[in-house]
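Here's data_26.cif, which has mmCIF, C-alpha atoms and all ligand atoms:
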data_input
loop_
_atom_site.label_atom_id
_atom_site.label_comp_id
_atom_site.auth_asym_id
_atom_site.auth_seq_id
_atom_site.Cartn_x
_atom_site.Cartn_y
_atom_site.Cartn_z
CA MET A 1 12.28 19.88 23.11
CA PRO A 2 9.61 18.25 25.32
CA ARG A 3 6.86 16.14 23.76
CA THR A 4 3.34 17.57 23.79
CA ASN A 5 0.08 15.65 23.52
CA ARG A 6 -1.61 18.62 21.89
CA VAL A 7 -2.42 17.97 18.24
CA ALA A 8 -2.32 21.17 16.17
CA GLU A 9 -5.76 22.40 15.11
CA HIS A 10 -4.59 23.10 11.59
CA LYS A 11 -2.21 20.52 10.24
CA THR A 12 0.05 20.29 7.20
CA ALA A 13 0.76 16.80 5.93
CA LEU A 14 3.77 15.95 3.84
CA VAL A 15 2.84 12.75 1.99
CA ILE A 16 5.77 10.83 0.50
CA GLY A 17 4.51 8.71 -2.40
CA ALA A 18 1.78 10.93 -3.89
CA THR A 19 1.27 8.69 -6.92
CA GLY A 20 1.24 5.39 -5.01
CA ILE A 21 -1.74 3.33 -3.92
CA ILE A 22 -1.38 4.29 -0.25
CA GLY A 23 -0.06 7.84 -0.66
CA GLY A 24 -2.49 8.79 -3.43
CA ASN A 25 -5.52 7.53 -1.52
CA LEU A 26 -4.27 9.20 1.68
CA ILE A 27 -4.05 12.54 -0.14
CA ARG A 28 -7.57 12.11 -1.53
CA HIS A 29 -8.77 11.42 2.03
CA LEU A 30 -6.94 14.40 3.58
CA ASP A 31 -8.37 16.58 0.81
CA THR A 32 -11.80 16.02 2.34
CA LEU A 33 -10.72 17.18 5.82
CA GLU A 34 -10.87 20.90 6.48
CA ASP A 35 -8.17 20.92 9.13
CA TRP A 36 -5.46 19.50 6.83
CA ASP A 37 -3.32 21.06 4.13
CA VAL A 38 -1.37 18.62 2.00
CA ILE A 39 1.96 18.57 0.21
CA GLY A 40 2.58 15.51 -1.94
CA LEU A 41 5.96 14.22 -3.12
CA SER A 42 6.75 11.89 -6.02
CA ARG A 43 8.67 12.05 -9.28
CA GLY A 44 5.62 11.57 -11.48
CA ALA A 45 2.58 13.83 -11.58
CA PRO A 46 -0.53 12.53 -9.78
CA ASP A 47 -3.34 11.55 -12.16
CA TYR A 48 -6.17 12.69 -9.85
CA PRO A 49 -7.54 16.11 -8.96
CA SER A 50 -6.42 17.44 -5.57
CA ARG A 51 -5.99 20.69 -3.65
CA MET A 52 -2.51 19.57 -2.52
CA GLU A 53 0.73 21.28 -3.42
CA HIS A 54 2.58 18.68 -5.45
CA ILE A 55 6.37 18.73 -5.62
CA SER A 56 8.08 16.60 -8.22
CA VAL A 57 11.30 15.41 -6.60
CA ASP A 58 13.67 12.47 -6.83
CA LEU A 59 13.92 11.43 -3.19
CA LEU A 60 16.92 9.23 -3.94
CA ASP A 61 18.84 12.38 -4.85
CA PRO A 62 19.82 14.28 -1.65
CA GLY A 63 20.63 17.39 -3.71
CA ASP A 64 17.14 17.44 -5.25
CA CYS A 65 15.65 17.09 -1.73
CA GLU A 66 17.79 19.99 -0.45
CA ALA A 67 16.79 22.20 -3.35
CA LYS A 68 13.06 21.52 -3.24
CA LEU A 69 12.11 20.64 0.34
CA GLY A 70 14.15 23.01 2.51
CA ARG A 71 11.34 25.60 2.53
CA LEU A 72 8.74 23.25 4.07
CA GLY A 73 8.95 24.68 7.59
CA HIS A 74 5.16 24.53 8.03
CA VAL A 75 4.91 20.71 7.90
CA THR A 76 3.35 19.22 11.06
CA HIS A 77 2.98 15.58 9.98
CA ILE A 78 4.98 13.39 7.61
CA PHE A 79 3.33 10.30 6.11
CA PHE A 80 5.77 7.93 4.44
CA ALA A 81 4.27 5.75 1.69
CA GLY A 82 7.18 5.58 -0.74
CA TYR A 83 8.45 2.42 -2.35
CA THR A 84 11.14 1.67 -4.90
CA ASP A 85 11.47 -1.84 -6.29
CA ARG A 86 14.81 -3.65 -6.49
CA PRO A 87 15.64 -7.25 -7.43
CA THR A 88 16.86 -8.31 -3.97
CA TRP A 89 16.19 -7.34 -0.36
CA ALA A 90 19.87 -6.44 -0.01
CA GLU A 91 19.38 -3.84 -2.77
CA GLN A 92 15.95 -2.77 -1.53
CA ASP A 93 17.21 -1.96 1.94
CA PRO A 94 19.48 1.04 1.21
CA ALA A 95 17.27 2.38 -1.59
CA ASN A 96 14.03 2.33 0.40
CA THR A 97 15.72 3.61 3.53
CA ALA A 98 17.08 6.56 1.52
CA LEU A 99 13.55 7.33 0.27
CA LEU A 100 12.63 8.12 3.88
CA VAL A 101 15.93 9.45 5.23
CA ASN A 102 16.65 11.99 2.47
CA PRO A 103 13.43 14.04 2.79
CA VAL A 104 13.20 13.73 6.60
CA ARG A 105 16.80 14.95 7.02
CA VAL A 106 15.90 18.10 5.04
CA VAL A 107 12.41 18.83 6.41
CA GLU A 108 12.79 17.87 10.07
CA PRO A 109 15.33 20.60 11.02
CA VAL A 110 13.18 23.39 9.53
CA ALA A 111 9.73 22.09 10.56
CA LYS A 112 9.64 23.49 14.08
CA GLU A 113 6.03 22.33 14.64
CA LEU A 114 6.66 18.78 13.40
CA HIS A 115 4.46 16.51 15.49
CA HIS A 116 4.55 13.03 14.01
CA VAL A 117 6.06 10.82 11.31
CA CYS A 118 3.91 7.86 10.26
CA GLN A 119 5.63 5.10 8.27
CA ALA A 120 3.88 2.49 6.10
CA GLN A 121 5.43 -0.92 6.64
CA GLY A 122 3.80 -4.30 5.95
CA THR A 123 3.53 -7.83 7.30
CA LYS A 124 6.91 -8.51 5.68
CA TYR A 125 8.24 -6.82 8.83
CA TYR A 126 7.56 -10.20 10.49
CA GLY A 127 8.92 -12.19 7.53
CA ALA A 128 5.57 -12.99 5.91
CA HIS A 129 7.37 -13.26 2.55
CA LEU A 130 9.85 -15.91 3.76
CA GLY A 131 7.54 -18.78 4.65
CA PRO A 132 5.38 -19.70 7.63
CA TRP A 133 5.70 -17.04 10.34
CA THR A 134 4.43 -16.73 13.90
CA ASN A 135 0.66 -16.37 13.60
CA PRO A 136 -1.24 -14.43 14.73
CA ALA A 137 1.64 -11.93 14.56
CA ARG A 138 1.82 -9.48 17.45
CA GLU A 139 3.51 -6.11 17.22
CA THR A 140 5.89 -7.18 19.97
CA ASP A 141 7.13 -10.13 17.89
CA PRO A 142 10.73 -9.78 16.74
CA THR A 143 11.42 -9.13 13.09
CA HIS A 144 13.34 -11.69 10.99
CA MET A 145 17.03 -11.82 10.12
CA GLY A 146 17.61 -8.90 7.74
CA PRO A 147 18.02 -7.17 5.44
CA ASN A 148 14.57 -5.66 5.79
CA PHE A 149 14.07 -2.02 4.83
CA TYR A 150 11.03 -1.61 7.09
CA VAL A 151 13.31 -2.27 10.05
CA SER A 152 16.04 0.09 8.80
CA GLN A 153 13.43 2.82 8.23
CA GLN A 154 11.97 2.34 11.71
CA LYS A 155 15.41 2.36 13.34
CA PHE A 156 16.12 5.67 11.61
CA LEU A 157 12.89 7.17 12.98
CA GLU A 158 13.58 5.81 16.47
CA SER A 159 17.04 7.36 16.65
CA GLU A 160 16.17 10.58 14.80
CA SER A 161 13.17 11.34 17.08
CA GLU A 162 15.09 10.79 20.31
CA GLY A 163 14.93 13.91 22.49
CA LYS A 164 12.82 15.73 19.88
CA SER A 165 9.26 17.07 20.06
CA TRP A 166 7.94 14.67 17.42
CA SER A 167 6.97 11.00 17.64
CA TRP A 168 6.75 8.22 15.05
CA SER A 169 4.47 5.28 14.32
CA SER A 170 4.50 2.43 11.82
CA LEU A 171 1.68 0.39 10.33
CA ARG A 172 1.91 -3.23 9.21
CA PRO A 173 -0.92 -3.99 6.80
CA PRO A 174 -1.31 -7.14 4.68
CA ILE A 175 -2.08 -6.73 0.96
CA VAL A 176 -3.56 -3.29 0.32
CA CYS A 177 -6.54 -3.12 -2.05
CA GLY A 178 -7.86 0.00 -3.73
CA TRP A 179 -7.76 2.38 -6.63
CA SER A 180 -4.43 2.84 -8.41
CA LEU A 181 -3.17 2.32 -11.91
CA GLY A 182 0.40 2.09 -13.17
CA LYS A 183 1.79 0.85 -9.83
CA PRO A 184 2.40 -2.87 -9.67
CA PHE A 185 1.10 -4.00 -6.29
CA ASN A 186 -2.64 -4.15 -6.86
CA LEU A 187 -4.38 -7.48 -6.50
CA VAL A 188 -7.88 -6.18 -7.30
CA ASN A 189 -6.78 -4.89 -10.71
CA LEU A 190 -4.87 -8.09 -11.38
CA ILE A 191 -7.82 -10.38 -10.62
CA ALA A 192 -10.16 -8.15 -12.65
CA ALA A 193 -7.82 -8.34 -15.66
CA TYR A 194 -7.36 -12.11 -15.25
CA ALA A 195 -11.15 -12.65 -15.08
CA THR A 196 -11.76 -10.41 -18.10
CA ILE A 197 -9.19 -12.31 -20.16
CA SER A 198 -10.55 -15.70 -18.99
CA LYS A 199 -14.03 -14.63 -20.07
CA GLU A 200 -12.86 -13.37 -23.44
CA LEU A 201 -11.14 -16.73 -24.05
CA GLY A 202 -14.30 -18.63 -23.07
CA LEU A 203 -12.63 -20.18 -20.03
CA PRO A 204 -13.96 -20.69 -16.52
CA LEU A 205 -12.36 -18.61 -13.76
CA ARG A 206 -9.69 -21.05 -12.64
CA TYR A 207 -7.69 -20.21 -9.55
CA PRO A 208 -4.14 -19.79 -10.93
CA GLY A 209 -2.25 -20.14 -7.65
CA GLU A 210 -1.15 -23.19 -5.70
CA GLU A 211 -3.77 -25.70 -4.47
CA ARG A 212 -2.79 -25.22 -0.81
CA ALA A 213 -2.91 -21.44 -1.15
CA TYR A 214 -6.56 -21.77 -2.25
CA ARG A 215 -7.44 -23.15 1.17
CA THR A 216 -5.22 -21.15 3.47
CA VAL A 217 -6.38 -18.29 5.74
CA VAL A 218 -5.41 -14.81 4.55
CA GLN A 219 -6.23 -11.16 5.18
CA ALA A 220 -6.38 -7.90 3.25
CA VAL A 221 -7.04 -4.22 3.85
CA ASP A 222 -9.15 -1.70 1.99
CA VAL A 223 -6.98 1.35 1.29
CA ASP A 224 -9.86 3.65 2.32
CA LEU A 225 -9.85 2.10 5.78
CA LEU A 226 -6.06 2.17 5.86
CA VAL A 227 -5.78 5.90 5.17
CA ARG A 228 -8.41 6.71 7.79
CA PHE A 229 -6.35 4.60 10.16
CA MET A 230 -3.15 6.47 9.26
CA THR A 231 -4.85 9.81 9.95
CA TRP A 232 -6.12 8.52 13.30
CA LEU A 233 -2.71 7.06 14.16
CA ALA A 234 -0.91 10.32 13.45
CA THR A 235 -3.28 12.34 15.63
CA THR A 236 -3.75 9.98 18.59
CA PRO A 237 -0.99 10.72 21.10
CA GLU A 238 -1.32 7.27 22.74
CA CYS A 239 -0.10 5.71 19.48
CA ALA A 240 3.30 7.40 19.60
CA ASP A 241 6.48 5.41 19.01
CA GLN A 242 4.91 2.00 18.23
CA GLY A 243 4.12 -0.33 15.36
CA PHE A 244 0.53 -1.38 14.56
CA ASN A 245 -1.09 -4.26 12.74
CA ILE A 246 -4.08 -3.19 10.66
CA SER A 247 -6.41 -4.97 8.22
CA ASN A 248 -10.09 -5.15 7.34
CA GLY A 249 -10.51 -7.13 10.55
CA ASP A 250 -11.84 -10.32 8.95
CA LEU A 251 -10.07 -13.35 7.47
CA PHE A 252 -10.88 -15.19 4.27
CA ARG A 253 -9.98 -18.22 2.17
CA TRP A 254 -9.71 -17.88 -1.60
CA GLU A 255 -11.83 -21.03 -1.98
CA ASP A 256 -14.81 -19.03 -0.62
CA LEU A 257 -14.08 -15.67 -2.17
CA TRP A 258 -13.24 -17.13 -5.60
CA LEU A 259 -16.85 -18.33 -5.99
CA ARG A 260 -18.15 -14.80 -5.38
CA ILE A 261 -15.60 -13.34 -7.78
CA ALA A 262 -16.54 -15.85 -10.51
CA ALA A 263 -20.24 -15.06 -10.03
CA TYR A 264 -19.50 -11.34 -10.26
CA PHE A 265 -17.88 -11.83 -13.68
CA ASP A 266 -20.63 -14.24 -14.70
CA LEU A 267 -18.15 -17.07 -14.99
CA GLU A 268 -18.09 -20.65 -13.81
CA ALA A 269 -15.57 -21.04 -10.96
CA GLY A 270 -13.13 -23.53 -12.41
CA PRO A 271 -10.99 -25.80 -10.28
CA VAL A 272 -7.50 -24.78 -9.25
CA GLN A 273 -5.13 -24.89 -12.20
CA THR A 274 -1.74 -23.63 -11.13
CA ILE A 275 -0.03 -21.54 -13.77
CA ASN A 276 2.88 -19.15 -13.69
CA LEU A 277 1.08 -15.89 -14.41
CA ALA A 278 4.28 -14.03 -15.24
CA ARG A 279 4.93 -16.53 -18.06
CA MET A 280 1.39 -17.28 -19.21
CA MET A 281 0.11 -13.69 -19.29
CA GLY A 282 3.23 -12.32 -20.98
CA ASP A 283 1.67 -12.65 -24.47
CA LYS A 284 -1.79 -11.27 -23.55
CA GLY A 285 -1.02 -7.59 -24.29
CA PRO A 286 -2.43 -7.69 -27.86
CA LEU A 287 -5.52 -9.55 -26.61
CA TRP A 288 -6.05 -6.81 -24.00
CA GLU A 289 -5.79 -4.17 -26.75
CA ARG A 290 -8.55 -5.99 -28.64
CA ILE A 291 -10.69 -6.12 -25.46
CA VAL A 292 -10.16 -2.37 -24.95
CA ALA A 293 -11.27 -1.65 -28.53
CA LYS A 294 -14.22 -4.09 -28.46
CA TYR A 295 -15.74 -2.73 -25.21
CA GLY A 296 -14.65 0.91 -25.53
CA LEU A 297 -12.45 0.82 -22.42
CA MET A 298 -9.91 3.37 -21.25
CA PRO A 299 -6.72 2.77 -23.24
CA TYR A 300 -4.64 1.35 -20.40
CA ARG A 301 -2.00 -1.19 -21.29
CA LEU A 302 -2.22 -4.57 -19.57
CA GLU A 303 1.06 -3.90 -17.76
CA ASP A 304 -0.46 -0.71 -16.27
CA ILE A 305 -3.20 -2.82 -14.71
CA ALA A 306 -1.55 -6.05 -13.62
CA HIS A 307 1.93 -7.02 -12.50
CA TRP A 308 1.77 -10.79 -12.92
CA PRO A 309 4.78 -11.82 -10.77
CA PHE A 310 3.03 -10.09 -7.87
CA GLY A 311 -0.04 -12.26 -8.56
CA ASP A 312 2.15 -15.39 -8.57
CA TYR A 313 3.41 -14.44 -5.12
CA MET A 314 0.07 -13.38 -3.63
CA LEU A 315 -2.05 -16.25 -4.98
CA SER A 316 0.44 -18.99 -4.17
CA THR A 317 1.22 -18.11 -0.56
CA ASP A 318 0.32 -21.43 0.99
CA TYR A 319 0.63 -20.66 4.69
CA ASP A 320 -1.57 -18.65 7.07
CA MET A 321 -1.31 -14.86 7.05
CA ILE A 322 -2.88 -13.71 10.30
CA SER A 323 -2.11 -10.68 12.45
CA ASP A 324 -3.31 -9.83 15.93
CA TYR A 325 -5.38 -6.64 16.25
CA ASN A 326 -5.72 -6.21 19.99
CA ARG A 327 -3.35 -3.24 20.12
CA ILE A 328 -5.39 -0.98 17.81
CA ARG A 329 -8.65 -2.05 19.44
CA ARG A 330 -7.30 -1.33 22.91
CA LEU A 331 -6.35 2.15 21.74
CA GLY A 332 -9.75 2.79 20.19
CA PHE A 333 -9.70 2.01 16.45
CA HIS A 334 -12.71 -0.20 15.72
CA GLU A 335 -13.43 0.25 12.01
CA PHE A 336 -13.81 -2.85 9.85
CA VAL A 337 -14.60 -3.80 6.24
CA ASP A 338 -16.10 -7.01 4.81
CA THR A 339 -13.33 -8.20 2.46
CA GLY A 340 -15.65 -10.03 0.03
CA ASP A 341 -17.88 -6.97 -0.33
CA MET A 342 -14.76 -4.86 -0.75
CA PHE A 343 -13.53 -6.85 -3.79
CA LEU A 344 -16.91 -6.59 -5.53
CA ARG A 345 -17.19 -2.86 -4.76
CA MET A 346 -13.72 -2.30 -6.22
CA PHE A 347 -14.59 -4.29 -9.37
CA ASP A 348 -17.65 -2.01 -9.68
CA GLU A 349 -15.34 1.00 -9.55
CA LEU A 350 -13.11 -0.48 -12.27
CA ARG A 351 -16.22 -0.97 -14.42
CA GLU A 352 -17.51 2.54 -13.74
CA LYS A 353 -14.15 3.98 -14.74
CA ARG A 354 -14.13 1.81 -17.90
CA VAL A 355 -10.98 -0.09 -16.99
CA ILE A 356 -12.78 -3.43 -17.44
CA PRO A 357 -16.00 -4.22 -19.36
N1 LIG B 1 0.59 -2.03 -1.76
C1 LIG B 1 0.52 -3.00 -0.86
O1 LIG B 1 -0.23 -3.97 -0.98
C2 LIG B 1 1.36 -2.89 0.40
C3 LIG B 1 1.13 -3.83 1.42
C4 LIG B 1 1.86 -3.74 2.58
C5 LIG B 1 2.83 -2.78 2.70
N2 LIG B 1 3.06 -1.87 1.71
C6 LIG B 1 4.14 -0.89 1.89
O2 LIG B 1 3.64 0.44 1.86
C7 LIG B 1 4.63 1.31 1.32
C8 LIG B 1 4.02 2.07 0.14
O3 LIG B 1 3.64 1.11 -0.81
P1 LIG B 1 2.67 1.38 -2.06
O4 LIG B 1 2.19 0.04 -2.51
O5 LIG B 1 1.69 2.45 -1.75
O6 LIG B 1 3.73 1.94 -3.11
P2 LIG B 1 3.52 2.27 -4.65
O7 LIG B 1 2.09 2.22 -5.03
O8 LIG B 1 4.51 1.45 -5.42
O9 LIG B 1 3.99 3.81 -4.69
C9 LIG B 1 5.30 4.18 -4.39
C10 LIG B 1 5.40 5.69 -4.33
O10 LIG B 1 6.79 6.03 -4.09
C11 LIG B 1 7.16 7.03 -5.03
N3 LIG B 1 8.59 6.96 -5.34
C12 LIG B 1 9.31 5.85 -5.69
N4 LIG B 1 10.58 6.20 -5.95
C13 LIG B 1 10.66 7.55 -5.77
C14 LIG B 1 11.70 8.49 -5.91
N5 LIG B 1 12.94 8.12 -6.26
N6 LIG B 1 11.44 9.79 -5.66
C15 LIG B 1 10.19 10.20 -5.31
N7 LIG B 1 9.16 9.34 -5.14
C16 LIG B 1 9.39 8.03 -5.39
C17 LIG B 1 6.33 6.72 -6.27
O11 LIG B 1 6.22 7.87 -7.07
P3 LIG B 1 6.93 8.04 -8.51
O12 LIG B 1 7.18 6.67 -9.08
O13 LIG B 1 5.94 8.88 -9.28
O14 LIG B 1 8.18 8.78 -8.22
C18 LIG B 1 5.00 6.38 -5.62
O15 LIG B 1 4.27 7.54 -5.38
C19 LIG B 1 5.82 0.41 0.93
O16 LIG B 1 6.76 0.39 1.96
C20 LIG B 1 5.19 -0.94 0.79
O17 LIG B 1 6.12 -2.00 1.01
C21 LIG B 1 2.34 -1.91 0.56
#
Using structure tokens, write down the structure from this file.
Amino acid sequence: MPRTNRVAEHKTALVIGATGIIGGNLIRHLDTLEDWDVIGLSRGAPDYPSRMEHISVDLLDPGDCEAKLGRLGHVTHIFFAGYTDRPTWAEQDPANTALLVNPVRVVEPVAKELHHVCQAQGTKYYGAHLGPWTNPARETDPTHMGPNFYVSQQKFLESESEGKSWSWSSLRPPIVCGWSLGKPFNLVNLIAAYATISKELGLPLRYPGEERAYRTVVQAVDVDLLVRFMTWLATTPECADQGFNISNGDLFRWEDLWLRIAAYFDLEAGPVQTINLARMMGDKGPLWERIVAKYGLMPYRLEDIAHWPFGDYMLSTDYDMISDYNRIRRLGFHEFVDTGDMFLRMFDELREKRVIP
């Protein structure tokens, strides 16, 4: 079927990962747009109000996908924001690829008006998790020696869309910041919990990562900006069949931002004191329960708020993390967010929702 540049006036999004940080925030964004209907997929039930149709499905089970998704002929856009954790990249590759392949194989043949499939990747596409990588990273840079599930997922979309009426795109954000609880990859929640515990123990806010990581140049993206970008990407025909770097558009060093974060929590910014968060925070669950009771907070467990090994990785990355953004700017996406302001705004939200005191 020939490709068309016409974007349907009324669109139906199938969002894979309805309870995740990216998928959940994307659904909340699409909820505000009159020309979108939304279907959300995940095993768990979303913990936010939405006008979407939610389908509880195990996407790793092809039979469950067949049974529950075969009727979705009205889908025009698929947004993939699923993720399943595994101990090694070799194990992550088939599992995460199946998370995309299983639902697409069922929905794509029946969705005759399918226009676009947008896939969330990350800077790990370039090997950002392996050590110093080519910086600033351009979308045309080769990936690293695999396994890498982002690459397997993209290859599937490339081959599956060949000769069809729909196109694909992928986005490669750095660390994504925003509202989510119960999913591990959330640096804002982690820092907020770390600061709250430091304060309760009468300690300054010491940077727990590596000394060199404190001074390196890094980037982040506000999930609100990211989901607006995904919507734009999926409806801008010029973006078809390509990968895109995306972030807030600025760069920062923890040594600057840490001072603002300490001031926000009314703490002295201590010097760097490298600790292994996974080990040192392992016994802080009971302390968190006391903090919850003392300040009348929502009864979240510490492990619902912070995944400490993720903090060890993020706060000890001691090489530059810089992407090139000329491609999105050339195509017309010019939104930006001040990353320092973003962190403080997100701490405000955690306070308003009584997650932290
Ligand atoms: N978060 C970041 O900072 C970041 C940065 C760069 C790139 N990315 C990439 O963006 C993508 C999405 O990440 P995320 O952080 O938004 O993920 P996340 O918060 O961990 O959410 C993952 C989603 O996948 C769903 N899921 C997992 N296994 C499933 C299954 N078997 N059946 C149905 N649904 C399943 C989860 O729902 P249930 O558990 O309820 O089933 C959840 O809704 C990933 O590829 C990730 O690598 C993320």
Nearest residue to ligand LIG 1 (chain B) from the set A:Leu60, A:Val188, A:Val355, A:Ala111 (distances using only C-alpha atoms and all ligand atoms):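 So, comparing all the options, the nearest one is A:Leu60.
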Shell around Asp324 (chain A) at 12 Å using all atoms listed in the file, local window under 5 positions removed, as a ChimeraX atom specification: /A:123,134-141,172-174,219,244-251,329-330
Close residues to ligand LIG 1 (chain B) using all atoms listed in the file, limit 6 Å, as a ChimeraX atom specification: /A:17-23,42-44,57-60,81-84,120-122,173-176,183,185
Distance in Å - CA of Met346 (chain A) versus CA of Asp222 (chain A):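 Calculated distance between CA of Met346 (chain A) and CA of Asp222 (chain A) is 9.4 Å.
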Given all atoms listed in the file as the counted atoms, nearest of A:Glu53, A:Asp37, A:Asp341, A:Asp64 to His77 (chain A):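 Looking at the shortest contact to His77 (chain A), the residue is A:Asp37.
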Could you tell me, as an mmCIF file with C-alpha atoms, in the coordinates of the input, which residues have any atom at most 7 Å from (-5.9, -19.2, 5.8), counting all atoms listed in the file?
data_model
loop_
_atom_site.group_PDB
_atom_site.id
_atom_site.type_symbol
_atom_site.label_atom_id
_atom_site.label_comp_id
_atom_site.auth_asym_id
_atom_site.auth_seq_id
_atom_site.Cartn_x
_atom_site.Cartn_y
_atom_site.Cartn_z
ATOM 1 C CA ARG A 215 -7.440 -23.150 1.170
ATOM 2 C CA THR A 216 -5.220 -21.150 3.470
ATOM 3 C CA VAL A 217 -6.380 -18.290 5.740
ATOM 4 C CA VAL A 218 -5.410 -14.810 4.550
ATOM 5 C CA PHE A 252 -10.880 -15.190 4.270
ATOM 6 C CA ARG A 253 -9.980 -18.220 2.170
ATOM 7 C CA TYR A 319 0.630 -20.660 4.690
ATOM 8 C CA ASP A 320 -1.570 -18.650 7.070
ATOM 9 C CA MET A 321 -1.310 -14.860 7.050
#
8 Å contact set for Trp288 (chain A), all atoms listed in the file, chain neighbours under 5 positions out, as a list in words: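 Surrounding residues, per the criterion: Ile197, Arg301 and Leu302 of chain A.
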Using the selection just defined, write its residues with C-alpha atoms as a compact mmCIF listing (two decimals), in the coordinates of the input.
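Result written to part30.txt:
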# COMPACT_ATOMS: atom_id res chain seq x y z
CA ILE A 197 -9.19 -12.31 -20.16
CA ARG A 301 -2.00 -1.19 -21.29
CA LEU A 302 -2.22 -4.57 -19.57
Residue among A:Leu114, A:Val15, A:Leu171, A:Val38 lying closest to Gly243 (chain A), counting all atoms listed in the file: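 Closest to Gly243 (chain A), using all atoms listed in the file: A:Leu171.
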Distance in Å - CA of Asp61 (chain A) versus CA of Gly182 (chain A):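 We find that CA of Asp61 (chain A) and CA of Gly182 (chain A) lie 22.7 Å from each other.
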Only C-alpha atoms needed: put region 34-83 of chain A from the block into a file as a PDB file, in the first residue's frame.
ATOM      1  CA  GLU A  34      -9.574  16.212  21.434  1.00  0.00           C
ATOM      2  CA  ASP A  35      -8.429  14.527  18.236  1.00  0.00           C
ATOM      3  CA  TRP A  36      -6.994  11.448  20.000  1.00  0.00           C
ATOM      4  CA  ASP A  37      -8.600   8.363  21.472  1.00  0.00           C
ATOM      5  CA  VAL A  38      -6.322   6.191  23.562  1.00  0.00           C
ATOM      6  CA  ILE A  39      -5.949   2.503  24.309  1.00  0.00           C
ATOM      7  CA  GLY A  40      -3.363   1.656  26.955  1.00  0.00           C
ATOM      8  CA  LEU A  41      -1.661  -1.707  27.463  1.00  0.00           C
ATOM      9  CA  SER A  42       0.091  -3.061  30.556  1.00  0.00           C
ATOM     10  CA  ARG A  43      -0.349  -5.927  32.991  1.00  0.00           C
ATOM     11  CA  GLY A  44      -1.030  -3.710  35.988  1.00  0.00           C
ATOM     12  CA  ALA A  45      -3.861  -1.205  36.298  1.00  0.00           C
ATOM     13  CA  PRO A  46      -2.905   2.466  35.852  1.00  0.00           C
ATOM     14  CA  ASP A  47      -3.092   4.472  39.093  1.00  0.00           C
ATOM     15  CA  TYR A  48      -4.284   7.704  37.431  1.00  0.00           C
ATOM     16  CA  PRO A  49      -7.645   8.793  36.053  1.00  0.00           C
ATOM     17  CA  SER A  50      -7.933   8.650  32.253  1.00  0.00           C
ATOM     18  CA  ARG A  51     -10.516   8.418  29.484  1.00  0.00           C
ATOM     19  CA  MET A  52      -8.456   5.671  27.787  1.00  0.00           C
ATOM     20  CA  GLU A  53      -9.584   2.112  27.259  1.00  0.00           C
ATOM     21  CA  HIS A  54      -7.143   0.088  29.329  1.00  0.00           C
ATOM     22  CA  ILE A  55      -6.413  -3.524  28.428  1.00  0.00           C
ATOM     23  CA  SER A  56      -4.579  -5.667  30.934  1.00  0.00           C
ATOM     24  CA  VAL A  57      -2.405  -8.002  28.877  1.00  0.00           C
ATOM     25  CA  ASP A  58       0.851  -9.883  29.241  1.00  0.00           C
ATOM     26  CA  LEU A  59       2.696  -8.807  26.098  1.00  0.00           C
ATOM     27  CA  LEU A  60       5.270 -11.547  26.561  1.00  0.00           C
ATOM     28  CA  ASP A  61       2.484 -14.078  26.009  1.00  0.00           C
ATOM     29  CA  PRO A  62       1.584 -14.236  22.278  1.00  0.00           C
ATOM     30  CA  GLY A  63      -1.653 -16.083  23.107  1.00  0.00           C
ATOM     31  CA  ASP A  64      -2.782 -13.316  25.468  1.00  0.00           C
ATOM     32  CA  CYS A  65      -2.008 -10.740  22.736  1.00  0.00           C
ATOM     33  CA  GLU A  66      -4.026 -12.739  20.168  1.00  0.00           C
ATOM     34  CA  ALA A  67      -6.977 -13.039  22.521  1.00  0.00           C
ATOM     35  CA  LYS A  68      -7.108  -9.416  23.631  1.00  0.00           C
ATOM     36  CA  LEU A  69      -5.699  -7.256  20.835  1.00  0.00           C
ATOM     37  CA  GLY A  70      -7.050  -8.797  17.621  1.00  0.00           C
ATOM     38  CA  ARG A  71     -10.115  -6.518  17.673  1.00  0.00           C
ATOM     39  CA  LEU A  72      -8.103  -3.264  17.607  1.00  0.00           C
ATOM     40  CA  GLY A  73      -8.655  -2.524  13.921  1.00  0.00           C
ATOM     41  CA  HIS A  74      -9.230   1.187  14.599  1.00  0.00           C
ATOM     42  CA  VAL A  75      -5.679   1.910  15.832  1.00  0.00           C
ATOM     43  CA  THR A  76      -3.912   4.591  13.753  1.00  0.00           C
ATOM     44  CA  HIS A  77      -0.760   5.100  15.840  1.00  0.00           C
ATOM     45  CA  ILE A  78       1.245   2.771  18.076  1.00  0.00           C
ATOM     46  CA  PHE A  79       3.505   4.261  20.756  1.00  0.00           C
ATOM     47  CA  PHE A  80       5.921   1.766  22.259  1.00  0.00           C
ATOM     48  CA  ALA A  81       7.082   2.593  25.805  1.00  0.00           C
ATOM     49  CA  GLY A  82       7.339  -0.886  27.289  1.00  0.00           C
ATOM     50  CA  TYR A  83      10.271  -2.160  29.284  1.00  0.00           C
TER      51      TYR A  83
END
